[in-house]
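Structure file target.txt; described as compact mmCIF, C-alpha atoms and all ligand atoms.
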```
# COMPACT_ATOMS: atom_id res chain seq x y z
CA MET A 1 -107.00 146.92 -35.66
CA VAL A 2 -103.40 145.69 -35.66
CA GLU A 3 -101.83 144.33 -38.81
CA TYR A 4 -98.23 143.34 -39.42
CA PHE A 5 -95.85 145.08 -41.76
CA PHE A 6 -92.85 143.20 -43.09
CA PRO A 7 -89.96 145.57 -43.81
CA ASN A 8 -88.23 144.52 -47.02
CA GLY A 9 -90.52 141.48 -47.14
CA LYS A 10 -88.73 139.86 -44.19
CA PRO A 11 -91.31 138.15 -41.92
CA TRP A 12 -88.83 137.81 -39.05
CA GLU A 13 -88.59 141.61 -38.82
CA ARG A 14 -92.33 142.11 -38.60
CA GLU A 15 -93.62 145.31 -37.04
CA PRO A 16 -97.14 145.63 -35.65
CA VAL A 17 -99.03 148.43 -37.37
CA LEU A 18 -102.14 150.11 -35.99
CA VAL A 19 -104.61 150.68 -38.83
CA ILE A 20 -107.24 153.32 -38.07
CA ASN A 21 -110.23 154.39 -40.13
CA TRP A 22 -110.80 157.93 -38.94
CA LYS A 23 -113.55 159.91 -40.61
CA GLY A 24 -113.40 157.68 -43.68
CA LYS A 25 -109.64 157.90 -44.21
CA ILE A 26 -107.16 155.14 -43.35
CA TYR A 27 -104.09 155.85 -41.23
CA ALA A 28 -101.31 153.42 -40.31
CA LEU A 29 -99.17 154.02 -37.24
CA GLN A 30 -96.69 152.24 -35.04
CA ALA A 31 -98.88 149.97 -32.88
CA THR A 32 -96.73 150.04 -29.76
CA CYS A 33 -96.60 153.09 -27.53
CA PRO A 34 -93.08 154.56 -27.29
CA HIS A 35 -93.54 155.13 -23.55
CA ALA A 36 -93.46 151.52 -22.34
CA GLY A 37 -93.95 149.53 -25.52
CA LEU A 38 -97.53 148.53 -24.75
CA SER A 39 -100.20 148.15 -27.43
CA LEU A 40 -102.14 151.19 -28.63
CA GLU A 41 -104.90 148.91 -29.88
CA GLU A 42 -106.94 149.60 -26.73
CA GLY A 43 -106.45 153.37 -27.10
CA PHE A 44 -109.21 155.94 -27.31
CA ILE A 45 -109.71 157.97 -30.47
CA THR A 46 -111.06 161.51 -30.16
CA ASP A 47 -113.13 163.56 -32.60
CA ASP A 48 -110.17 165.86 -33.23
CA GLY A 49 -107.90 163.08 -34.50
CA LYS A 50 -105.92 162.06 -31.43
CA ILE A 51 -105.32 158.63 -29.93
CA THR A 52 -104.82 158.29 -26.18
CA CYS A 53 -102.85 155.30 -24.96
CA ALA A 54 -105.03 153.29 -22.56
CA TRP A 55 -102.11 152.45 -20.28
CA HIS A 56 -100.63 155.77 -19.06
CA GLY A 57 -102.36 158.40 -21.15
CA SER A 58 -99.85 159.48 -23.79
CA VAL A 59 -101.63 161.27 -26.63
CA PHE A 60 -100.63 161.24 -30.31
CA ASP A 61 -101.97 162.88 -33.45
CA ILE A 62 -103.36 160.18 -35.76
CA ARG A 63 -102.44 162.13 -38.91
CA THR A 64 -98.81 162.90 -38.07
CA GLY A 65 -97.87 160.50 -35.24
CA LYS A 66 -96.65 163.48 -33.23
CA ARG A 67 -96.71 163.15 -29.47
CA VAL A 68 -99.16 165.69 -28.03
CA ASP A 69 -99.17 164.87 -24.32
CA GLY A 70 -98.33 162.28 -21.69
CA PRO A 71 -95.25 160.43 -20.53
CA ALA A 72 -94.05 159.25 -23.96
CA THR A 73 -91.07 161.23 -25.21
CA ARG A 74 -91.09 160.13 -28.85
CA ASP A 75 -93.51 160.35 -31.77
CA LEU A 76 -95.15 157.35 -33.42
CA LYS A 77 -93.82 156.02 -36.70
CA VAL A 78 -96.24 156.78 -39.52
CA TYR A 79 -96.61 154.48 -42.53
CA LYS A 80 -97.66 155.50 -46.02
CA VAL A 81 -101.18 154.43 -46.94
CA ILE A 82 -102.52 154.05 -50.46
CA GLU A 83 -106.24 153.35 -50.78
CA ASN A 84 -107.24 151.71 -54.05
CA GLY A 85 -110.91 150.79 -53.96
CA ASP A 86 -111.31 148.03 -51.37
CA GLU A 87 -107.55 147.50 -51.16
CA VAL A 88 -105.26 149.29 -48.72
CA ILE A 89 -101.51 149.24 -49.30
CA ILE A 90 -99.22 150.13 -46.38
CA SER A 91 -95.54 150.86 -46.84
CA GLU A 92 -92.69 152.73 -45.17
S1 LIG B 1 -97.46 152.62 -22.53
FE1 LIG B 1 -98.53 154.24 -23.51
S2 LIG B 1 -98.43 155.87 -22.13
FE2 LIG B 1 -97.36 154.29 -21.15
```
If you convert what's in this file into structure tokens, what do you get?
Ligand code: FES
Amino acid sequence: MVEYFFPNGKPWEREPVLVINWKGKIYALQATCPHAGLSLEEGFITDDGKITCAWHGSVFDIRTGKRVDGPATRDLKVYKVIENGDEVIISE
């Protein structure tokens, strides 16, 4: 799922955020792959907590955003997530 984060409440600076529920915990990551800027929304999530970009195969750790493999040379930005009952708060 892709949501939009508004840094400093400024809608014109919106950043797409990939929100993942992995094993019952919510993670929020940069939604565009740092390799070619394509969406990670179509990526594949593995049982060991990795997401593989569907376009050229870069692999990132869902928990840390660290690049694990593939042509991307940078990590994903990771957002802070606070779960409060049914509400999820995402911030930088
Ligand atoms: S756009 Fe993700 S690996 Fe190329």
Hey, which bits of chain A sit within 8 Å of ligand LIG 1 (chain B), and for each residue what's the closest pair of atoms and how far apart in Å (one decimal), counting all atoms listed in the file, rows by chain and increasing number, as JSON lines?
```
{"residue": "A:Thr32", "atom": "CA", "partner": "B:LIG1", "partner_atom": "S1", "distance": 7.7}
{"residue": "A:Cys33", "atom": "CA", "partner": "B:LIG1", "partner_atom": "FE1", "distance": 4.6}
{"residue": "A:Pro34", "atom": "CA", "partner": "B:LIG1", "partner_atom": "FE1", "distance": 6.6}
{"residue": "A:His35", "atom": "CA", "partner": "B:LIG1", "partner_atom": "FE2", "distance": 4.6}
{"residue": "A:Ala36", "atom": "CA", "partner": "B:LIG1", "partner_atom": "S1", "distance": 4.2}
{"residue": "A:Gly37", "atom": "CA", "partner": "B:LIG1", "partner_atom": "S1", "distance": 5.6}
{"residue": "A:Leu38", "atom": "CA", "partner": "B:LIG1", "partner_atom": "S1", "distance": 4.7}
{"residue": "A:Ser39", "atom": "CA", "partner": "B:LIG1", "partner_atom": "S1", "distance": 7.2}
{"residue": "A:Leu40", "atom": "CA", "partner": "B:LIG1", "partner_atom": "FE1", "distance": 7.0}
{"residue": "A:Thr52", "atom": "CA", "partner": "B:LIG1", "partner_atom": "S2", "distance": 7.9}
{"residue": "A:Cys53", "atom": "CA", "partner": "B:LIG1", "partner_atom": "FE1", "distance": 4.7}
{"residue": "A:Ala54", "atom": "CA", "partner": "B:LIG1", "partner_atom": "FE1", "distance": 6.6}
{"residue": "A:Trp55", "atom": "CA", "partner": "B:LIG1", "partner_atom": "FE1", "distance": 5.1}
{"residue": "A:His56", "atom": "CA", "partner": "B:LIG1", "partner_atom": "S2", "distance": 3.8}
{"residue": "A:Gly57", "atom": "CA", "partner": "B:LIG1", "partner_atom": "S2", "distance": 4.8}
{"residue": "A:Ser58", "atom": "CA", "partner": "B:LIG1", "partner_atom": "S2", "distance": 4.2}
{"residue": "A:Val59", "atom": "CA", "partner": "B:LIG1", "partner_atom": "S2", "distance": 7.7}
{"residue": "A:Gly70", "atom": "CA", "partner": "B:LIG1", "partner_atom": "S2", "distance": 6.4}
{"residue": "A:Pro71", "atom": "CA", "partner": "B:LIG1", "partner_atom": "S2", "distance": 5.8}
{"residue": "A:Ala72", "atom": "CA", "partner": "B:LIG1", "partner_atom": "S2", "distance": 5.8}
```
### Interatomic distance, CA of Thr64 (chain A) to CA of Val17 (chain A) (Å, one decimal)
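So the answer is 14.5 Å.
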#### Entry: Close residues, Tyr27 (chain A) itself excluded, 10 Å, all atoms listed in the file, min 3 positions apart in chain, as a list in words
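My reading of the contact set: Val17, Leu18, Val19, Ile20, Asn21, Trp22, Gly24, Ile62, Arg63, Thr64, Gly65, Val78, Tyr79, Lys80, Val81, Ile82 and Ile90 of chain A.
Picture a line from CA of Asn84 (chain A) to CA of Leu29 (chain A); it runs 18.8 Å.
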### Query
Hey, can you check how far CA of Gln30 (chain A) sits from CA of Lys77 (chain A)?
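Distance between the two atoms: 5.0 Å.
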Let me have the centre and edge lengths of the axis-aligned box enclosing all listed atoms of region 31-40 of chain A with 4 Å padding on every side, in Å to one decimal, as AutoDock Vina command-line options.
```
--center_x -97.6 --center_y 151.6 --center_z -27.6 --size_x 17.1 --size_y 15.0 --size_z 18.5
```
### Task
Would you list the contacts of Lys50 (chain A) as a ChimeraX atom specification, taking every protein, DNA or RNA residue within 6 Å and counting all atoms listed in the file, but skipping same-chain residues closer than 2 positions in sequence?
/A:45-46,48,60-62
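When all atoms listed in the file are used to measure the gap to Asn8 (chain A), the shortest distance among A:Asp69, A:Asp75, A:Glu92, A:Glu42 belongs to A:Glu92.
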